[in-house]
Amino acid sequence: MASDRLEAGDTTRALVATRTAAPRGLSRKVLEDVVRLVDALVIVAIAAAVFWVYPVVHLKLAAEWERFAAATLVGLFIAQAVFSRLGLYDFRRLHQRWNPIPRIFLAWTITLLCLVLLAFLAKISEDYSRGWLVLWYAGGLVGLVAARSLVATHIRRSVDRGNLRERVAVLGAGVSGLDFAERLRRRGLDDEIAVVGFFDDRVSRVAGALGNWRLQGRVDDLLERVRDGGVDRVVIALPASAEERIAALLRRFDGLAVDIDLHLVAPTLQRPRSDVTSLSGIPMLRVSERPLKDWHLFAKWLEDKLVAGVALLAFGPLMLVIALAIRLESPGPVLFRQTRFGFNNEPIVVWKFRTMYPDRGDASGARRTVRDDPRVTPLGRWLRKLSLDELPQFLNVLGGSMSVVGPRAHPVAMQAAGRLYQEAVQDYLTRHQVRPGITGWAQVNGLRGEIDTLEKAQARVEHDLYYIENWSLLFDLRVILLTIVRTLRDPHAY
């Protein structure tokens, strides 16, 4: 019987080994969209080059470029649809240099035949040069194959380094975990996933044969790996009868941005379900999903960097004046540092201009700031009223620990109705699945300042969760504009 206790040295070595074996994954969805763009650029570029060589130089039809441009756009639309239909944007084919060539040939041939058929049915086929079409077909085929070969070479290198594999941790190393390990083993080496390892608190019940993988630690070790960003997906491999244990495990992942699936046995699926997903061909039941990933994550990152950079340039001189005024008003540091909850429940250090007397501040955040608080300096009252004390947080945004828009970062000791916030308000930790913001949906709806009742605390969290579930760039822009409009007349800012 295995020991119920993992040796500390074994756990440490396992974690170190796993971190080196599974680098941070990249988004395959973004990669697939980039390849779509590459194909589109090749098709349009070849069409334009052939138009210049044949209709313009040879046939002197430069004035009729609009007709050829229209045909190019229609062909591009057809090509994208046909390529998708034939699976040319599936990740498993993107890193293969030669196998996709027959499909590319078939897809491009179908595209041009469809274009010819449309021209025939519209009775405009005689308006186009057959020489242009033939040259576009030949040049496009060569260009697409060459571009795909270069792309596949680059992707293959990334796959070999593990950068494009989804990092999967398996929670449960009993009989169900053994079944999952066996299904993975039958698939052989996989270019789509990298198994981080198996985790289980009940070491005495761990099945002996986990194939090429080993037990990496307990649930606490897995939670730490998720917080560090080393896991993309958690698969819970427990029997369906263990409902209470599964529910308890899911609660431990509250507030963590990670996809969570339940391992399913294929015969148990009676009908297709919208929440059934696949892990390298193995059916999974999706129970939790990261709110921001793929293009949304990139768009949010780009927005934060651009807005924070522009804000620091615009407000830089004002920040210097405020810093000088704080030093002249009272002794002590210009900036106030406070530990608050950040992304994935991890503590972060948030910067603000100091608005209280240095010997009266509360770095823990347990004591709320109230109206006419005697701890606040005269200058600090104006800074808080106009929210200018928040300006240094744009440095947090550039550093990556905060966003411009998001749920406000709360001090770790902040209370609601005499209890810690996370204990008093249901689903509170879920708001930490995204990075905290300088401003947020709750703040522009009047839910800022002192939280003296449980109802106010609950309302703030509900607004935060609404923001997370409905995020978009336009939503962020709306929050930013409302912040600017309402800052000067917010009665809750003190």
# chains A, B, ... in the order shown; residues from 1 in each chain; ligands from 1

call {"tool": "closest_atom_pairs", "arguments": {"of": "region 67-106 of chain A", "to": "region 155-168 of chain A", "cutoff": "10 Å", "atoms": "only C-alpha atoms", "output": "tab-separated table"}}
result
residue	atom	partner	partner_atom	distance
A:Phe91	CA	A:Ile155	CA	9.6
A:Leu94	CA	A:Ile155	CA	7.2
A:His95	CA	A:Arg156	CA	4.9
A:Gln96	CA	A:Arg156	CA	7.4
A:Arg97	CA	A:Arg156	CA	8.8

call {"tool": "write_last_selection", "arguments": {"atoms": "C-alpha atoms", "output": "short mmCIF file (atom, residue, chain, number, x, y, z; two decimals), in the first residue's frame"}}
result
data_model
loop_
_atom_site.label_atom_id
_atom_site.label_comp_id
_atom_site.auth_asym_id
_atom_site.auth_seq_id
_atom_site.Cartn_x
_atom_site.Cartn_y
_atom_site.Cartn_z
CA PHE A 91 -4.21 22.26 -35.48
CA LEU A 94 -0.88 22.93 -39.28
CA HIS A 95 2.47 21.47 -38.19
CA GLN A 96 2.65 18.89 -41.02
CA ARG A 97 4.70 20.03 -43.99
#

call {"tool": "residues_around", "arguments": {"residues": "Ile480 (chain A)", "least_positions_apart": "5", "cutoff": "10 Å", "atoms": "only C-alpha atoms", "output": "list of chain:residue names"}}
result
A:Val404, A:Val405, A:Ile438, A:Thr439, A:Gly440, A:Trp441, A:Val444, A:Leu474, A:Phe475, A:Val485

call {"tool": "write_last_selection", "arguments": {"atoms": "C-alpha atoms", "output": "PDB file, in the first residue's frame"}}
result
ATOM      1  CA  VAL A 404      -7.417  49.469 -16.647  1.00  0.00           C
ATOM      2  CA  VAL A 405     -10.956  48.089 -16.314  1.00  0.00           C
ATOM      3  CA  ILE A 438      -8.332  50.749 -11.742  1.00  0.00           C
ATOM      4  CA  THR A 439     -12.018  51.285 -12.444  1.00  0.00           C
ATOM      5  CA  GLY A 440     -14.893  48.898 -12.976  1.00  0.00           C
ATOM      6  CA  TRP A 441     -18.548  48.374 -13.750  1.00  0.00           C
ATOM      7  CA  VAL A 444     -19.389  53.625 -12.395  1.00  0.00           C
ATOM      8  CA  LEU A 474     -16.747  48.253 -26.234  1.00  0.00           C
ATOM      9  CA  PHE A 475     -17.816  47.445 -22.669  1.00  0.00           C
ATOM     10  CA  VAL A 485     -17.859  61.690 -16.703  1.00  0.00           C
TER      11      VAL A 485
END

call {"tool": "residues_around", "arguments": {"residues": "Val34 (chain A)", "least_positions_apart": "6", "cutoff": "12 Å", "atoms": "only C-alpha atoms", "output": "PyMOL selection string"}}
result
chain A and resi 27-28+40-41+89+91+94+148+151+155+294-295

call {"tool": "closest_residue", "arguments": {"among": "A:Glu346, A:Ala79, A:Leu121, A:Phe51", "to": "Asp228 (chain A)", "atoms": "only C-alpha atoms"}}
result
A:Glu346

call {"tool": "residues_around", "arguments": {"residues": "Gly332 (chain A)", "least_positions_apart": "4", "cutoff": "10 Å", "atoms": "only C-alpha atoms", "output": "ChimeraX atom specification"}}
result
/A:326-328,336,354,356-359

call {"tool": "residues_around", "arguments": {"residues": "region 425-435 of chain A", "least_positions_apart": "2", "cutoff": "6 Å", "atoms": "only C-alpha atoms", "output": "number ranges by chain"}}
result
A: 254-257, 343-345, 402-403, 422-423, 458

call {"tool": "closest_residue", "arguments": {"among": "A:Leu454, A:Leu447, A:Ile246, A:Leu184", "to": "Pro283 (chain A)", "atoms": "only C-alpha atoms"}}
result
A:Leu184

call {"tool": "residues_around", "arguments": {"residues": "Phe68 (chain A)", "least_positions_apart": "6", "cutoff": "9 Å", "atoms": "only C-alpha atoms", "output": "PyMOL selection string"}}
result
chain A and resi 47-48+51+128

call {"tool": "closest_residue", "arguments": {"among": "A:Leu144, A:Pro239, A:Val231, A:Gly399", "to": "Phe105 (chain A)", "atoms": "only C-alpha atoms"}}
result
A:Leu144

call {"tool": "select_by_dssp", "arguments": {"residues": "region 398-457 of chain A", "states": "strand (DSSP E)", "output": "list in words"}}
result
Ser403, Val404, Val405, Gln415, Ala416, Arg419, Leu420, Gly437, Ile438 and Thr439 of chain A

call {"tool": "write_last_selection", "arguments": {"atoms": "N, CA and C atoms", "output": "tab-separated table (two decimals), in the first residue's frame"}}
result
chain	number	residue	atom	x	y	z
A	403	SER	N	-5.44	45.57	-14.63
A	403	SER	CA	-5.98	46.06	-15.89
A	403	SER	C	-6.52	47.46	-15.68
A	404	VAL	N	-6.80	48.16	-16.77
A	404	VAL	CA	-7.42	49.47	-16.65
A	404	VAL	C	-8.85	49.31	-16.15
A	405	VAL	N	-9.57	48.34	-16.71
A	405	VAL	CA	-10.96	48.09	-16.31
A	405	VAL	C	-11.06	46.66	-15.79
A	415	GLN	N	-13.29	43.74	4.94
A	415	GLN	CA	-14.43	43.06	5.53
A	415	GLN	C	-15.74	43.63	5.01
A	416	ALA	N	-16.77	42.80	5.10
A	416	ALA	CA	-18.14	43.20	4.79
A	416	ALA	C	-19.03	42.65	5.90
A	419	ARG	N	-17.24	40.52	8.54
A	419	ARG	CA	-16.60	39.27	8.13
A	419	ARG	C	-15.72	39.53	6.93
A	420	LEU	N	-14.70	38.67	6.74
A	420	LEU	CA	-13.88	38.80	5.55
A	420	LEU	C	-14.76	38.72	4.31
A	437	GLY	N	-9.05	45.90	-11.80
A	437	GLY	CA	-8.94	47.12	-12.60
A	437	GLY	C	-8.83	48.38	-11.75
A	438	ILE	N	-8.35	49.44	-12.39
A	438	ILE	CA	-8.33	50.75	-11.74
A	438	ILE	C	-9.76	51.25	-11.55
A	439	THR	N	-10.59	50.98	-12.54
A	439	THR	CA	-12.02	51.28	-12.44
A	439	THR	C	-12.79	50.07	-12.90
